[in-house]
There are 2 protein chains.
Amino acid sequence: MQALEDKILQEGKVLSDTVLKVDSFLNHQIDPDLMREIGEEFAKRFAHERITKILTIESSGIAPAVMAGLIMGVPVVFARKSKSLTLKNHVYAAQVYSYTKQTANEIAVSKDFLHDDDVVLLIDDFLANGQALLGLIEIVKQAGAEFVGAGIVIEKGFQKGGDKIRQQGIRIESLANIMSMKEGKVTFQREEQLN
Amino acid sequence: MQALEDKILQEGKVLSDTVLKVDSFLNHQIDPDLMREIGEEFAKRFAHERITKILTIESSGIAPAVMAGLIMGVPVVFARKSKSLTLKNHVYAAQVYSYTKQTANEIAVSKDFLHDDDVVLLIDDFLANGQALLGLIEIVKQAGAEFVGAGIVIEKGFQKGGDKIRQQGIRIESLANIMSMKEGKVTFQREEQLN
């Protein structure tokens, strides 16, 4: 997605060969117009699926997921990273290890909002090692819902989480797929390279 | 706002005289269409202000804030509840005590995304004791930015946080203001009662 790649090149900060900071439009400050374009792109790519629900994870997945939900006309559920007082039981839960924060977190979704007749699209801001996405897939499985694939805003393709999950036959649509961030320079994997 | 009050009456769960759960459309599952209507209502109520930035707090403030930002054409910044590894310094920070969770949290906003020439609208999902809102106001003050007021989705008017903050001359626009939740019944404060 050209507008997103342009934004990453203009505003993304490459902190190391593996760390990209996009706090100016996605992870701390949010560009609502770009989020709408992202939502439209997800809706287009998954237009032929009979999606009933979008599942994401707090906090940075919420903005792109809600815009996709608005355009696709379906509710959005965000998995919580820690159980709140009013959500102790009656949940689907999975463990997610964060390499960035070096901690394991439980993510949870109330059984009230994901059912075996749901057709679920996962949306998340980043895909690197794939831990968060695997946790969300685990939750969809626990619910017995149908899973059509994942829409990712930025994939760090060089970290191979996406490749491993695709090898399981799972559809992942990444709107920007980064091939390399060596020497502070972001290089994208072109669509044609994927085919 | 009638559509919001209707939704609260239809789907809100009154767990006690003080606890209202709206997990089906705001705090866990999100209704994107309702969020857009909420965003439009905030934009209408603050139409005469020259707002340059919306500030909210993760996670449940993000959806209504991003919709308001989309309609008003301004970026949204969400305060983080704990500092991430890439955000240790260079922040405005404030303490927020949560009566629900009985813990004090630090909220933080990077100095990169809030400046003394910004005109800030605060948006949050709930206003009860006012602790989160006071924390956000403190951050706006630290930035030296202009502060035009706060847009709140649901105010628990009987908990008086909003009244205390209004007495400081601060403008708060609540789209639903709950007067009482006694015996499981939600009663709203009508607009005319506020005037």
# chains A, B, ... in the order shown; residues from 1 in each chain; ligands from 1
call {"tool": "residues_around", "arguments": {"residues": "stretch 151-161 of chain A", "least_positions_apart": "4", "cutoff": "6 Å", "atoms": "only C-alpha atoms", "output": "list in words"}}
result
Ile123, Asp124, Asp125, Phe126, Leu127, Ala128, Asn129, Gly130, Ile172, Glu173, Ser174, Leu175, Ala176, Asn177, Ile178 and Met179 of chain A
call {"tool": "write_last_selection", "arguments": {"atoms": "N, CA and C atoms", "output": "short mmCIF file (atom, residue, chain, number, x, y, z; two decimals), in the first residue's frame"}}
result
data_model
loop_
_atom_site.label_atom_id
_atom_site.label_comp_id
_atom_site.auth_asym_id
_atom_site.auth_seq_id
_atom_site.Cartn_x
_atom_site.Cartn_y
_atom_site.Cartn_z
N ILE A 123 -6.87 -8.45 12.81
CA ILE A 123 -6.14 -7.27 12.36
C ILE A 123 -5.16 -6.88 13.46
N ASP A 124 -3.93 -6.58 13.05
CA ASP A 124 -2.98 -6.08 14.05
C ASP A 124 -2.03 -5.07 13.39
N ASP A 125 -1.39 -4.28 14.23
CA ASP A 125 -0.52 -3.22 13.72
C ASP A 125 0.79 -3.78 13.16
N PHE A 126 1.41 -4.71 13.89
CA PHE A 126 2.71 -5.24 13.49
C PHE A 126 2.70 -6.76 13.46
N LEU A 127 3.50 -7.32 12.57
CA LEU A 127 3.77 -8.76 12.60
C LEU A 127 5.28 -8.91 12.47
N ALA A 128 5.89 -9.50 13.50
CA ALA A 128 7.34 -9.70 13.46
C ALA A 128 7.62 -11.18 13.74
N ASN A 129 7.67 -11.56 15.00
CA ASN A 129 7.87 -12.97 15.32
C ASN A 129 6.57 -13.77 15.28
N GLY A 130 5.46 -13.05 15.25
CA GLY A 130 4.18 -13.73 15.07
C GLY A 130 3.52 -14.20 16.36
N ILE A 172 -2.29 -14.24 5.16
CA ILE A 172 -1.89 -12.99 5.82
C ILE A 172 -1.74 -11.92 4.75
N GLU A 173 -2.44 -10.81 4.93
CA GLU A 173 -2.32 -9.67 4.03
C GLU A 173 -1.62 -8.55 4.79
N SER A 174 -0.38 -8.25 4.40
CA SER A 174 0.36 -7.16 5.03
C SER A 174 0.37 -5.96 4.10
N LEU A 175 0.02 -4.80 4.62
CA LEU A 175 -0.08 -3.62 3.76
C LEU A 175 1.29 -3.01 3.48
N ALA A 176 2.24 -3.25 4.35
CA ALA A 176 3.64 -2.92 4.08
C ALA A 176 4.47 -4.06 4.63
N ASN A 177 5.33 -4.62 3.80
CA ASN A 177 6.16 -5.76 4.24
C ASN A 177 7.62 -5.35 4.10
N ILE A 178 8.30 -5.27 5.23
CA ILE A 178 9.67 -4.77 5.24
C ILE A 178 10.65 -5.94 5.07
N MET A 179 11.48 -5.81 4.06
CA MET A 179 12.45 -6.86 3.72
C MET A 179 13.73 -6.67 4.53
#
call {"tool": "residues_around", "arguments": {"residues": "stretch 67-75 of chain B", "least_positions_apart": "2", "cutoff": "8 Å", "atoms": "only C-alpha atoms", "output": "list of chain:residue names"}}
result
A:Gln29, A:Ile30, A:Asp31, A:Pro32, A:Asp33, B:Met35, B:Arg36, B:Ile38, B:Gly39, B:Glu40, B:Phe42, B:Ala43, B:Ile51, B:Thr52, B:Lys53, B:Ile54, B:Ala63, B:Pro64, B:Ala65, B:Val77
call {"tool": "residues_around", "arguments": {"residues": "B:Leu55", "least_positions_apart": "4", "cutoff": "6 Å", "atoms": "only C-alpha atoms", "output": "PyMOL selection string"}}
result
chain B and resi 76-78+122
call {"tool": "residues_around", "arguments": {"residues": "stretch 98-109 of chain A", "least_positions_apart": "2", "cutoff": "7 Å", "atoms": "only C-alpha atoms", "output": "list in words"}}
result
Ala79, Arg80, Lys81, Ser82, Lys83, Val91, Tyr92, Ala93, Ala94, Gln95, Val96 and Lys111 of chain A; Leu85 of chain B
call {"tool": "closest_residue", "arguments": {"among": "B:Leu133, B:Val66, B:Val120, B:Ile57", "to": "chain A", "atoms": "only C-alpha atoms"}}
result
B:Val66
call {"tool": "select_by_dssp", "arguments": {"residues": "stretch 76-153 of chain B", "states": "helix (DSSP H, G or I)", "output": "PyMOL selection string"}}
result
chain B and resi 85-87+111-113+131-143
call {"tool": "closest_residue", "arguments": {"among": "A:Ser24, A:Gln10, A:Thr18, A:Gln2", "to": "chain B", "atoms": "only C-alpha atoms"}}
result
A:Ser24
call {"tool": "select_by_dssp", "arguments": {"residues": "stretch 17-169 of chain B", "states": "strand (DSSP E or B)", "output": "compact mmCIF listing (two decimals) with C-alpha atoms, in the first residue's frame"}}
result
# COMPACT_ATOMS: atom_id res chain seq x y z
CA LEU B 20 -21.79 -0.20 34.58
CA LYS B 21 -20.39 -2.64 32.05
CA GLN B 29 -16.38 -5.23 21.68
CA ILE B 30 -16.64 -1.96 19.72
CA LYS B 53 -5.01 17.63 18.41
CA ILE B 54 -7.11 15.10 20.27
CA LEU B 55 -5.61 13.48 23.35
CA THR B 56 -7.03 10.27 24.82
CA ILE B 57 -5.83 7.33 26.90
CA VAL B 76 -5.05 11.70 17.84
CA VAL B 77 -2.50 10.93 20.55
CA PHE B 78 -3.16 8.25 23.13
CA ALA B 79 -1.47 8.44 26.52
CA ARG B 80 0.18 5.19 27.50
CA VAL B 91 7.71 12.32 28.08
CA TYR B 92 5.05 14.30 29.91
CA ALA B 93 3.77 12.09 32.73
CA ALA B 94 1.06 12.13 35.39
CA GLN B 95 -0.18 9.78 38.09
CA VAL B 96 -3.68 8.33 37.75
CA TYR B 97 -5.37 6.38 40.51
CA SER B 98 -7.93 3.82 39.35
CA THR B 103 -3.88 0.80 41.60
CA ALA B 104 -1.98 3.95 40.70
CA ASN B 105 -0.66 4.10 37.17
CA GLU B 106 1.59 6.52 35.46
CA ILE B 107 0.29 7.79 32.13
CA ALA B 108 2.74 9.27 29.67
CA VAL B 109 2.80 11.13 26.38
CA SER B 110 5.91 11.67 24.28
CA VAL B 119 -5.04 23.33 20.91
CA VAL B 120 -6.15 20.14 22.62
CA LEU B 121 -9.48 18.37 23.00
CA LEU B 122 -9.48 15.49 25.49
CA ILE B 123 -11.67 12.48 24.75
CA ASP B 124 -12.30 9.51 27.02
CA ASP B 125 -14.78 6.66 27.31
CA PHE B 126 -15.81 7.16 30.95
CA LEU B 127 -15.79 9.94 33.52
CA GLU B 146 -4.13 25.30 25.00
CA PHE B 147 -6.94 23.15 26.41
CA VAL B 148 -10.48 23.60 25.09
CA GLY B 149 -12.27 20.93 27.09
CA ALA B 150 -13.17 17.27 27.29
CA GLY B 151 -15.54 15.04 25.37
CA ILE B 152 -16.75 12.08 27.41
CA VAL B 153 -18.76 9.17 26.06
CA ILE B 154 -20.38 8.15 29.37
CA GLU B 155 -20.28 10.21 32.54
CA LYS B 156 -21.32 8.69 35.84
call {"tool": "closest_residue", "arguments": {"among": "B:Thr187, B:Ser59, B:Gln142, B:Asn27", "to": "chain A", "atoms": "only C-alpha atoms"}}
result
B:Ser59
call {"tool": "decode", "arguments": {"residues": "stretch 92-118 of chain B", "atoms": "C-alpha atoms", "output": "compact mmCIF listing (two decimals), in the first residue's frame"}}
result
# COMPACT_ATOMS: atom_id res chain seq x y z
CA TYR B 92 5.05 14.30 29.91
CA ALA B 93 3.77 12.09 32.73
CA ALA B 94 1.06 12.13 35.39
CA GLN B 95 -0.18 9.78 38.09
CA VAL B 96 -3.68 8.33 37.75
CA TYR B 97 -5.37 6.38 40.51
CA SER B 98 -7.93 3.82 39.35
CA TYR B 99 -10.70 3.22 41.91
CA THR B 100 -11.90 0.23 39.85
CA LYS B 101 -8.53 -1.50 39.81
CA GLN B 102 -7.29 0.06 43.09
CA THR B 103 -3.88 0.80 41.60
CA ALA B 104 -1.98 3.95 40.70
CA ASN B 105 -0.66 4.10 37.17
CA GLU B 106 1.59 6.52 35.46
CA ILE B 107 0.29 7.79 32.13
CA ALA B 108 2.74 9.27 29.67
CA VAL B 109 2.80 11.13 26.38
CA SER B 110 5.91 11.67 24.28
CA LYS B 111 7.03 15.28 24.02
CA ASP B 112 7.26 14.70 20.26
CA PHE B 113 3.48 14.75 19.85
CA LEU B 114 2.20 17.55 22.08
CA HIS B 115 3.53 21.11 21.81
CA ASP B 116 2.86 24.55 23.23
CA ASP B 117 1.16 25.62 19.99
CA ASP B 118 -1.36 22.76 20.13
